[in-house]
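S.K.: This is input.pdb, which holds PDB, C-alpha atoms:
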MODEL        1
ATOM      1  CA  MET A   1     118.028  83.737 156.422  1.00  0.00           C
ATOM      2  CA  ALA A   2     119.440  80.723 154.570  1.00  0.00           C
ATOM      3  CA  ILE A   3     122.976  79.674 155.377  1.00  0.00           C
ATOM      4  CA  GLU A   4     125.052  79.536 152.219  1.00  0.00           C
ATOM      5  CA  PRO A   5     127.996  77.150 152.083  1.00  0.00           C
ATOM      6  CA  ILE A   6     131.308  77.922 150.459  1.00  0.00           C
ATOM      7  CA  VAL A   7     131.521  75.789 147.312  1.00  0.00           C
ATOM      8  CA  LEU A   8     134.963  74.192 147.241  1.00  0.00           C
ATOM      9  CA  PHE A   9     134.238  71.994 144.225  1.00  0.00           C
ATOM     10  CA  ASP A  10     131.246  71.376 141.975  1.00  0.00           C
ATOM     11  CA  ASN A  11     131.340  69.630 138.609  1.00  0.00           C
ATOM     12  CA  GLY A  12     127.610  68.940 138.527  1.00  0.00           C
ATOM     13  CA  HIS A  13     127.913  65.357 139.810  1.00  0.00           C
ATOM     14  CA  HIS A  14     130.409  65.759 142.648  1.00  0.00           C
ATOM     15  CA  LYS A  15     130.266  68.624 145.184  1.00  0.00           C
ATOM     16  CA  CYS A  16     132.285  69.598 148.212  1.00  0.00           C
ATOM     17  CA  LEU A  17     130.680  72.298 150.358  1.00  0.00           C
ATOM     18  CA  MET A  18     132.030  73.979 153.496  1.00  0.00           C
ATOM     19  CA  PHE A  19     129.878  75.497 156.223  1.00  0.00           C
ATOM     20  CA  ASP A  20     131.918  77.903 158.332  1.00  0.00           C
ATOM     21  CA  SER A  21     129.451  80.216 160.066  1.00  0.00           C
ATOM     22  CA  LEU A  22     126.865  78.077 161.850  1.00  0.00           C
ATOM     23  CA  VAL A  23     127.728  79.111 165.423  1.00  0.00           C
ATOM     24  CA  THR A  24     127.053  82.541 166.873  1.00  0.00           C
ATOM     25  CA  GLY A  25     128.043  83.919 170.247  1.00  0.00           C
ATOM     26  CA  GLU A  26     130.545  82.148 172.468  1.00  0.00           C
ATOM     27  CA  GLY A  27     130.300  78.689 170.892  1.00  0.00           C
ATOM     28  CA  VAL A  28     133.234  77.049 169.161  1.00  0.00           C
ATOM     29  CA  GLN A  29     132.960  77.179 165.367  1.00  0.00           C
ATOM     30  CA  SER A  30     134.474  74.242 163.565  1.00  0.00           C
ATOM     31  CA  ASN A  31     134.177  73.810 159.830  1.00  0.00           C
ATOM     32  CA  GLN A  32     131.592  71.349 158.591  1.00  0.00           C
ATOM     33  CA  PHE A  33     131.871  69.794 155.147  1.00  0.00           C
ATOM     34  CA  LEU A  34     129.325  68.083 152.936  1.00  0.00           C
ATOM     35  CA  VAL A  35     130.531  65.850 150.115  1.00  0.00           C
ATOM     36  CA  VAL A  36     127.888  64.844 147.559  1.00  0.00           C
ATOM     37  CA  ASP A  37     128.697  62.342 144.838  1.00  0.00           C
ATOM     38  CA  GLY A  38     125.600  61.647 142.764  1.00  0.00           C
ATOM     39  CA  LYS A  39     123.130  60.075 145.191  1.00  0.00           C
ATOM     40  CA  HIS A  40     125.708  59.463 147.940  1.00  0.00           C
ATOM     41  CA  GLU A  41     126.558  61.913 150.703  1.00  0.00           C
ATOM     42  CA  ALA A  42     128.876  62.303 153.648  1.00  0.00           C
ATOM     43  CA  LEU A  43     129.075  64.976 156.315  1.00  0.00           C
ATOM     44  CA  ILE A  44     132.538  65.578 157.734  1.00  0.00           C
ATOM     45  CA  ASP A  45     132.843  66.748 161.355  1.00  0.00           C
ATOM     46  CA  PRO A  46     129.207  67.903 161.597  1.00  0.00           C
ATOM     47  CA  GLY A  47     129.574  69.421 165.058  1.00  0.00           C
ATOM     48  CA  GLY A  48     127.506  69.477 168.202  1.00  0.00           C
ATOM     49  CA  ASP A  49     124.175  70.780 169.415  1.00  0.00           C
ATOM     50  CA  LEU A  50     124.936  74.356 168.313  1.00  0.00           C
ATOM     51  CA  THR A  51     125.456  73.308 164.698  1.00  0.00           C
ATOM     52  CA  TYR A  52     122.970  70.456 164.315  1.00  0.00           C
ATOM     53  CA  THR A  53     119.851  72.450 163.417  1.00  0.00           C
ATOM     54  CA  PRO A  54     121.418  75.046 161.106  1.00  0.00           C
ATOM     55  CA  LEU A  55     123.584  72.389 159.414  1.00  0.00           C
ATOM     56  CA  SER A  56     120.732  69.929 158.926  1.00  0.00           C
ATOM     57  CA  VAL A  57     118.530  72.665 157.428  1.00  0.00           C
ATOM     58  CA  ALA A  58     121.304  73.929 155.125  1.00  0.00           C
ATOM     59  CA  ALA A  59     122.475  70.434 154.098  1.00  0.00           C
ATOM     60  CA  SER A  60     118.916  69.313 153.349  1.00  0.00           C
ATOM     61  CA  ARG A  61     118.987  71.675 150.361  1.00  0.00           C
ATOM     62  CA  TYR A  62     121.536  69.311 148.781  1.00  0.00           C
ATOM     63  CA  MET A  63     120.330  65.892 149.944  1.00  0.00           C
ATOM     64  CA  ASN A  64     117.690  63.872 151.738  1.00  0.00           C
ATOM     65  CA  LEU A  65     119.086  63.779 155.292  1.00  0.00           C
ATOM     66  CA  ARG A  66     117.332  60.552 156.172  1.00  0.00           C
ATOM     67  CA  ASP A  67     119.123  58.680 153.388  1.00  0.00           C
ATOM     68  CA  MET A  68     122.596  60.135 153.946  1.00  0.00           C
ATOM     69  CA  ASP A  69     125.316  57.469 153.727  1.00  0.00           C
ATOM     70  CA  TYR A  70     128.013  58.624 156.136  1.00  0.00           C
ATOM     71  CA  VAL A  71     128.945  60.987 158.900  1.00  0.00           C
ATOM     72  CA  PHE A  72     132.711  61.172 159.323  1.00  0.00           C
ATOM     73  CA  ALA A  73     134.196  62.261 162.649  1.00  0.00           C
ATOM     74  CA  SER A  74     137.899  63.092 162.758  1.00  0.00           C
ATOM     75  CA  HIS A  75     137.812  62.738 166.565  1.00  0.00           C
ATOM     76  CA  GLN A  76     135.391  62.644 169.499  1.00  0.00           C
ATOM     77  CA  ASP A  77     135.362  66.261 170.738  1.00  0.00           C
ATOM     78  CA  PRO A  78     131.902  67.844 171.163  1.00  0.00           C
ATOM     79  CA  ASP A  79     132.543  70.542 168.529  1.00  0.00           C
ATOM     80  CA  ILE A  80     133.180  67.746 166.006  1.00  0.00           C
ATOM     81  CA  ILE A  81     130.592  65.032 166.777  1.00  0.00           C
ATOM     82  CA  GLY A  82     128.682  66.130 169.895  1.00  0.00           C
ATOM     83  CA  ALA A  83     125.317  65.768 168.124  1.00  0.00           C
ATOM     84  CA  ILE A  84     125.971  62.129 167.171  1.00  0.00           C
ATOM     85  CA  ASP A  85     122.723  61.055 168.836  1.00  0.00           C
ATOM     86  CA  ARG A  86     120.686  63.309 166.534  1.00  0.00           C
ATOM     87  CA  TRP A  87     122.468  62.066 163.406  1.00  0.00           C
ATOM     88  CA  ILE A  88     121.807  58.482 164.500  1.00  0.00           C
ATOM     89  CA  VAL A  89     118.106  59.100 165.141  1.00  0.00           C
ATOM     90  CA  HIS A  90     117.391  61.263 162.082  1.00  0.00           C
ATOM     91  CA  THR A  91     119.518  59.525 159.427  1.00  0.00           C
ATOM     92  CA  LYS A  92     120.496  56.043 158.283  1.00  0.00           C
ATOM     93  CA  ALA A  93     124.149  57.134 158.125  1.00  0.00           C
ATOM     94  CA  LYS A  94     127.043  55.069 159.363  1.00  0.00           C
ATOM     95  CA  ILE A  95     129.333  57.048 161.666  1.00  0.00           C
ATOM     96  CA  VAL A  96     132.908  56.630 160.431  1.00  0.00           C
ATOM     97  CA  THR A  97     135.875  57.454 162.658  1.00  0.00           C
ATOM     98  CA  SER A  98     139.279  56.116 163.518  1.00  0.00           C
ATOM     99  CA  LYS A  99     139.324  52.860 165.456  1.00  0.00           C
ATOM    100  CA  LEU A 100     140.873  54.730 168.388  1.00  0.00           C
ATOM    101  CA  TRP A 101     137.974  57.221 168.644  1.00  0.00           C
ATOM    102  CA  ALA A 102     135.234  54.687 167.827  1.00  0.00           C
ATOM    103  CA  ARG A 103     135.213  53.400 171.403  1.00  0.00           C
ATOM    104  CA  PHE A 104     134.566  56.918 172.765  1.00  0.00           C
ATOM    105  CA  LEU A 105     131.589  57.817 170.567  1.00  0.00           C
ATOM    106  CA  PRO A 106     128.986  55.605 172.312  1.00  0.00           C
ATOM    107  CA  HIS A 107     129.614  57.673 175.459  1.00  0.00           C
ATOM    108  CA  LEU A 108     128.073  60.651 173.643  1.00  0.00           C
ATOM    109  CA  VAL A 109     124.838  58.760 172.927  1.00  0.00           C
ATOM    110  CA  SER A 110     122.035  58.372 175.467  1.00  0.00           C
ATOM    111  CA  SER A 111     120.545  54.923 175.845  1.00  0.00           C
ATOM    112  CA  TYR A 112     117.186  56.179 174.470  1.00  0.00           C
ATOM    113  CA  VAL A 113     118.763  56.522 171.031  1.00  0.00           C
ATOM    114  CA  THR A 114     118.826  52.757 170.517  1.00  0.00           C
ATOM    115  CA  THR A 115     115.479  52.195 168.842  1.00  0.00           C
ATOM    116  CA  LYS A 116     113.947  50.165 166.043  1.00  0.00           C
ATOM    117  CA  LEU A 117     114.441  53.155 163.791  1.00  0.00           C
ATOM    118  CA  SER A 118     118.100  53.806 164.528  1.00  0.00           C
ATOM    119  CA  GLY A 119     119.350  50.403 165.696  1.00  0.00           C
ATOM    120  CA  SER A 120     122.223  50.034 168.116  1.00  0.00           C
ATOM    121  CA  VAL A 121     124.818  52.780 168.115  1.00  0.00           C
ATOM    122  CA  TYR A 122     127.470  50.047 168.070  1.00  0.00           C
ATOM    123  CA  ASP A 123     126.089  48.746 164.751  1.00  0.00           C
ATOM    124  CA  ARG A 124     126.291  52.210 163.207  1.00  0.00           C
ATOM    125  CA  ILE A 125     129.881  53.133 164.126  1.00  0.00           C
ATOM    126  CA  VAL A 126     132.567  52.079 161.673  1.00  0.00           C
ATOM    127  CA  GLY A 127     136.100  52.191 163.046  1.00  0.00           C
ATOM    128  CA  VAL A 128     138.820  52.496 160.431  1.00  0.00           C
ATOM    129  CA  PRO A 129     142.446  51.603 161.167  1.00  0.00           C
ATOM    130  CA  ASP A 130     144.461  54.509 162.522  1.00  0.00           C
TER     131      ASP A 130
ENDMDL
END
Would you mind giving the structure from this file in structure tokens?
M.R.:
Amino acid sequence: MAIEPIVLFDNGHHKCLMFDSLVTGEGVQSNQFLVVDGKHEALIDPGGDLTYTPLSVAASRYMNLRDMDYVFASHQDPDIIGAIDRWIVHTKAKIVTSKLWARFLPHLVSSYVTTKLSGSVYDRIVGVPD
């Protein structure tokens, strides 16, 4: 069964989609958002291991995951960015977060993630002023 997002905005060029039912059982459901502007995309608070597979499958209907521009993390909790290692390995996206949380994100990434394909996690995290 395909997961259908809630369309918050769509004018044909710019879309904002919300995914609110990716977790079943006892897991924590946070809302994931996909913003598509032409050929540029950003995932906002994409979640952890429980949301990675259903979100990546659902989002791939609207974009090429590999070429996604950004993943935005509002903070470092596992229900927000716990699957950071998968997003780093499977996309070219920069991980954008506040400068405060940027120093915590590498702790969520195993050393095996640093590869030729993904580069250093430190090169992929963009800290913005708080």
S.K.: Interatomic distance between CA of Ala93 in chain A and CA of Met68 in chain A?
M.R.: 5.4 Å
S.K.: For the structure provided, state which residues fall under the PyMOL selection byres ((chain A and resi 11-23) around 10), and present them as a PyMOL selection string.
M.R.: chain A and resi 3-10+24-44+46-47+49-55+58-59+62
S.K.: Could those selected residues go to a file with C-alpha atoms, as an mmCIF file, keeping the file's coordinate frame?
M.R.:
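That gives us out_12.cif:
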data_model
loop_
_atom_site.group_PDB
_atom_site.id
_atom_site.type_symbol
_atom_site.label_atom_id
_atom_site.label_comp_id
_atom_site.auth_asym_id
_atom_site.auth_seq_id
_atom_site.Cartn_x
_atom_site.Cartn_y
_atom_site.Cartn_z
ATOM 1 C CA ILE A 3 122.976 79.674 155.377
ATOM 2 C CA GLU A 4 125.052 79.536 152.219
ATOM 3 C CA PRO A 5 127.996 77.150 152.083
ATOM 4 C CA ILE A 6 131.308 77.922 150.459
ATOM 5 C CA VAL A 7 131.521 75.789 147.312
ATOM 6 C CA LEU A 8 134.963 74.192 147.241
ATOM 7 C CA PHE A 9 134.238 71.994 144.225
ATOM 8 C CA ASP A 10 131.246 71.376 141.975
ATOM 9 C CA THR A 24 127.053 82.541 166.873
ATOM 10 C CA GLY A 25 128.043 83.919 170.247
ATOM 11 C CA GLU A 26 130.545 82.148 172.468
ATOM 12 C CA GLY A 27 130.300 78.689 170.892
ATOM 13 C CA VAL A 28 133.234 77.049 169.161
ATOM 14 C CA GLN A 29 132.960 77.179 165.367
ATOM 15 C CA SER A 30 134.474 74.242 163.565
ATOM 16 C CA ASN A 31 134.177 73.810 159.830
ATOM 17 C CA GLN A 32 131.592 71.349 158.591
ATOM 18 C CA PHE A 33 131.871 69.794 155.147
ATOM 19 C CA LEU A 34 129.325 68.083 152.936
ATOM 20 C CA VAL A 35 130.531 65.850 150.115
ATOM 21 C CA VAL A 36 127.888 64.844 147.559
ATOM 22 C CA ASP A 37 128.697 62.342 144.838
ATOM 23 C CA GLY A 38 125.600 61.647 142.764
ATOM 24 C CA LYS A 39 123.130 60.075 145.191
ATOM 25 C CA HIS A 40 125.708 59.463 147.940
ATOM 26 C CA GLU A 41 126.558 61.913 150.703
ATOM 27 C CA ALA A 42 128.876 62.303 153.648
ATOM 28 C CA LEU A 43 129.075 64.976 156.315
ATOM 29 C CA ILE A 44 132.538 65.578 157.734
ATOM 30 C CA PRO A 46 129.207 67.903 161.597
ATOM 31 C CA GLY A 47 129.574 69.421 165.058
ATOM 32 C CA ASP A 49 124.175 70.780 169.415
ATOM 33 C CA LEU A 50 124.936 74.356 168.313
ATOM 34 C CA THR A 51 125.456 73.308 164.698
ATOM 35 C CA TYR A 52 122.970 70.456 164.315
ATOM 36 C CA THR A 53 119.851 72.450 163.417
ATOM 37 C CA PRO A 54 121.418 75.046 161.106
ATOM 38 C CA LEU A 55 123.584 72.389 159.414
ATOM 39 C CA ALA A 58 121.304 73.929 155.125
ATOM 40 C CA ALA A 59 122.475 70.434 154.098
ATOM 41 C CA TYR A 62 121.536 69.311 148.781
#
S.K.: Skip Ile125 in chain A itself and residues of its chain fewer than 3 positions away, then list as a list in words all residues within 9 Å of it, counting all atoms listed in the file.
M.R.: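 Skipping anything fewer than 3 positions along the chain leaves Lys94, Ile95, Val96, Thr97, Ala102, Leu105, Pro106, Val121 and Tyr122 of chain A.
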S.K.: Compare A:Pro129, A:Gly48, A:Ser60, A:Leu65 by their minimum atom-to-atom distance to Val89 in chain A, counting only C-alpha atoms, and give me the closest one.
M.R.: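 Result for the nearest residue to Val89 in chain A: A:Leu65.
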S.K.: Which polymer residues have any atom within 8 Å of an atom of Trp101 in chain A, counting all atoms listed in the file, with same-chain residues fewer than 2 positions away left out, as a list in words?
M.R.: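 Close residues of Trp101 in chain A: His75, Gln76, Thr97, Ser98, Lys99, Arg103, Phe104, Leu105 and Gly127 of chain A.
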S.K.: Quote the spacing between CA of Lys92 in chain A and CA of Pro78 in chain A in Å to one decimal place.
M.R.: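 Straight-line distance from CA of Lys92 in chain A to CA of Pro78 in chain A works out to 20.9 Å.
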S.K.: Rounded to one decimal in Å, what is the spacing between CA of Val128 in chain A and CA of Arg61 in chain A?
M.R.: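 Here the two named atoms are 29.4 Å from each other.
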S.K.: Model the absent atoms of range 43-54 of chain A so that all heavy atoms are present, and write the result as an mmCIF file, in the frame of the given file.
M.R.:
data_model
loop_
_atom_site.group_PDB
_atom_site.id
_atom_site.type_symbol
_atom_site.label_atom_id
_atom_site.label_comp_id
_atom_site.auth_asym_id
_atom_site.auth_seq_id
_atom_site.Cartn_x
_atom_site.Cartn_y
_atom_site.Cartn_z
ATOM 1 N N LEU A 43 128.777 63.771 155.548
ATOM 2 C CA LEU A 43 129.075 64.976 156.315
ATOM 3 C C LEU A 43 130.373 64.728 157.059
ATOM 4 O O LEU A 43 130.562 63.653 157.640
ATOM 5 C CB LEU A 43 127.974 65.271 157.332
ATOM 6 C CG LEU A 43 126.771 66.041 156.849
ATOM 7 C CD1 LEU A 43 125.726 66.133 157.949
ATOM 8 C CD2 LEU A 43 127.146 67.426 156.375
ATOM 9 N N ILE A 44 131.258 65.701 157.049
ATOM 10 C CA ILE A 44 132.538 65.578 157.734
ATOM 11 C C ILE A 44 132.551 66.538 158.910
ATOM 12 O O ILE A 44 132.312 67.741 158.749
ATOM 13 C CB ILE A 44 133.706 65.882 156.774
ATOM 14 C CG1 ILE A 44 133.663 64.902 155.598
ATOM 15 C CG2 ILE A 44 135.041 65.819 157.512
ATOM 16 C CD1 ILE A 44 134.629 65.225 154.486
ATOM 17 N N ASP A 45 132.791 65.983 160.103
ATOM 18 C CA ASP A 45 132.843 66.748 161.355
ATOM 19 C C ASP A 45 131.639 67.678 161.506
ATOM 20 O O ASP A 45 131.774 68.908 161.557
ATOM 21 C CB ASP A 45 134.153 67.540 161.445
ATOM 22 C CG ASP A 45 135.366 66.638 161.591
ATOM 23 O OD1 ASP A 45 135.199 65.446 161.917
ATOM 24 O OD2 ASP A 45 136.487 67.127 161.378
ATOM 25 N N PRO A 46 130.424 67.096 161.613
ATOM 26 C CA PRO A 46 129.207 67.903 161.597
ATOM 27 C C PRO A 46 128.951 68.742 162.847
ATOM 28 O O PRO A 46 128.050 69.574 162.841
ATOM 29 C CB PRO A 46 128.104 66.870 161.413
ATOM 30 C CG PRO A 46 128.659 65.634 162.011
ATOM 31 C CD PRO A 46 130.130 65.666 161.700
ATOM 32 N N GLY A 47 129.707 68.540 163.903
ATOM 33 C CA GLY A 47 129.574 69.421 165.058
ATOM 34 C C GLY A 47 128.645 68.907 166.142
ATOM 35 O O GLY A 47 128.234 67.751 166.161
ATOM 36 N N GLY A 48 128.312 69.819 167.044
ATOM 37 C CA GLY A 48 127.506 69.477 168.202
ATOM 38 C C GLY A 48 126.124 70.094 168.150
ATOM 39 O O GLY A 48 125.604 70.416 167.076
ATOM 40 N N ASP A 49 125.541 70.271 169.314
ATOM 41 C CA ASP A 49 124.175 70.780 169.415
ATOM 42 C C ASP A 49 124.016 72.170 168.792
ATOM 43 O O ASP A 49 122.969 72.479 168.240
ATOM 44 C CB ASP A 49 123.715 70.810 170.868
ATOM 45 C CG ASP A 49 123.402 69.420 171.394
ATOM 46 O OD1 ASP A 49 123.086 68.528 170.585
ATOM 47 O OD2 ASP A 49 123.492 69.217 172.621
ATOM 48 N N LEU A 50 125.041 73.004 168.871
ATOM 49 C CA LEU A 50 124.936 74.356 168.313
ATOM 50 C C LEU A 50 124.880 74.359 166.794
ATOM 51 O O LEU A 50 124.343 75.284 166.192
ATOM 52 C CB LEU A 50 126.112 75.222 168.774
ATOM 53 C CG LEU A 50 126.187 75.528 170.260
ATOM 54 C CD1 LEU A 50 127.448 76.336 170.564
ATOM 55 C CD2 LEU A 50 124.948 76.268 170.732
ATOM 56 N N THR A 51 125.436 73.341 166.163
ATOM 57 C CA THR A 51 125.456 73.308 164.698
ATOM 58 C C THR A 51 124.410 72.381 164.102
ATOM 59 O O THR A 51 124.099 72.506 162.920
ATOM 60 C CB THR A 51 126.836 72.878 164.161
ATOM 61 O OG1 THR A 51 127.152 71.585 164.670
ATOM 62 C CG2 THR A 51 127.908 73.873 164.536
ATOM 63 N N TYR A 52 123.857 71.467 164.893
ATOM 64 C CA TYR A 52 122.970 70.456 164.315
ATOM 65 C C TYR A 52 121.813 71.062 163.506
ATOM 66 O O TYR A 52 121.622 70.714 162.343
ATOM 67 C CB TYR A 52 122.403 69.499 165.374
ATOM 68 C CG TYR A 52 121.443 68.538 164.745
ATOM 69 C CD1 TYR A 52 121.909 67.440 164.036
ATOM 70 C CD2 TYR A 52 120.067 68.768 164.767
ATOM 71 C CE1 TYR A 52 121.044 66.574 163.388
ATOM 72 C CE2 TYR A 52 119.200 67.911 164.122
ATOM 73 C CZ TYR A 52 119.686 66.821 163.444
ATOM 74 O OH TYR A 52 118.821 65.975 162.795
ATOM 75 N N THR A 53 121.033 71.923 164.110
ATOM 76 C CA THR A 53 119.851 72.450 163.417
ATOM 77 C C THR A 53 120.220 73.289 162.195
ATOM 78 O O THR A 53 119.714 73.015 161.103
ATOM 79 C CB THR A 53 118.942 73.225 164.385
ATOM 80 O OG1 THR A 53 118.485 72.312 165.403
ATOM 81 C CG2 THR A 53 117.737 73.815 163.659
ATOM 82 N N PRO A 54 121.110 74.291 162.315
ATOM 83 C CA PRO A 54 121.418 75.046 161.106
ATOM 84 C C PRO A 54 122.087 74.199 160.024
ATOM 85 O O PRO A 54 121.817 74.381 158.833
ATOM 86 C CB PRO A 54 122.337 76.173 161.583
ATOM 87 C CG PRO A 54 122.755 75.827 162.955
ATOM 88 C CD PRO A 54 121.760 74.862 163.498
#
